[in-house]
Amino acid sequence: MSRTETAALIQRYYDAFNQGDMDTFLALLSEDVVHDINQGGREVGREAFAAFMQRMNRNYREQLVDMVIMASEDGSRAAAEFVVLGEYLVSDEGLPEAKGQRYRLPAGAFFEVKAGQVARISNYYNLNDWIAQVSA
């Protein structure tokens, strides 16, 4: 893929996320996608990612704004920087109690792309900043 095609793929990925279109969102991933969870472990496979997103969508309502997408010349890698506008809906295990708190959180992600699909996603945000926002 070219740089432009990869950037368009990542844009479609985030557009589907923002629209809550999980079918399209998940279809953009390779079957053996690797997901590096922020300050957490690594999961492998579209099915594992779907289960992760199911939990996330139950516990949080998020929109990603101020998106900037960058891609390597050969299109094999990409990065995105954005701001997460969110609402904490249901308490997540090991985290503060959810009471509908709103948060604004800078975040980023790194991608590997193979055969026109997202093959790896590594997400990053400052968990301590998020905890401080929802604990206030």
# chains A, B, ... in the order shown; residues from 1 in each chain; ligands from 1
>>> residues_around(residues="A:Glu112", least_positions_apart="2", cutoff="8 Å", atoms="only C-alpha atoms", output="PyMOL selection string")
chain A and resi 76-78+110+114+118-121
>>> residues_around(residues="stretch 5-21 of chain A", least_positions_apart="2", cutoff="9 Å", atoms="only C-alpha atoms", output="count of residues only")
30
>>> atom_distance(atom1="atom CA of A:Glu47", atom2="atom CA of A:Val34")
11.0 Å
>>> atom_distance(atom1="atom CA of A:Gln39", atom2="atom CA of A:Gly86")
18.7 Å
>>> closest_residue(among="A:Val65, A:Ala50, A:Met56, A:Ile37", to="A:Val90", atoms="only C-alpha atoms")
A:Met56
>>> select_by_dssp(residues="chain A", states="strand (DSSP E or B)", output="ChimeraX atom specification")
/A:29-36,42-44,60-71,77-88,102-114,117-125
>>> residues_around(residues="A:Asp129", least_positions_apart="5", cutoff="12 Å", atoms="only C-alpha atoms", output="MDAnalysis selection string")
chainID A and resid 103:107 134:136
>>> closest_residue(among="A:Leu95, A:Glu73, A:Asp66, A:Ala27", to="A:Leu127", atoms="only C-alpha atoms")
A:Leu95
>>> atom_distance(atom1="atom CA of A:Gln101", atom2="atom CA of A:Phe82")
19.8 Å
>>> select_by_dssp(residues="chain A", states="helix (DSSP H, G or I)", output="VMD selection string")
chain A and resid 3 to 19 22 to 27 46 to 59 127 to 135
>>> closest_residue(among="A:Glu97, A:Tyr124, A:Arg42, A:Phe52", to="A:Val83", atoms="only C-alpha atoms")
A:Tyr124
>>> residues_around(residues="A:Phe49", least_positions_apart="6", cutoff="8 Å", atoms="only C-alpha atoms", output="ChimeraX atom specification")
/A:33,35,43
>>> residues_around(residues="A:Arg102", least_positions_apart="4", cutoff="10 Å", atoms="only C-alpha atoms", output="PyMOL selection string")
chain A and resi 60-62+85-89+98+130+133-134
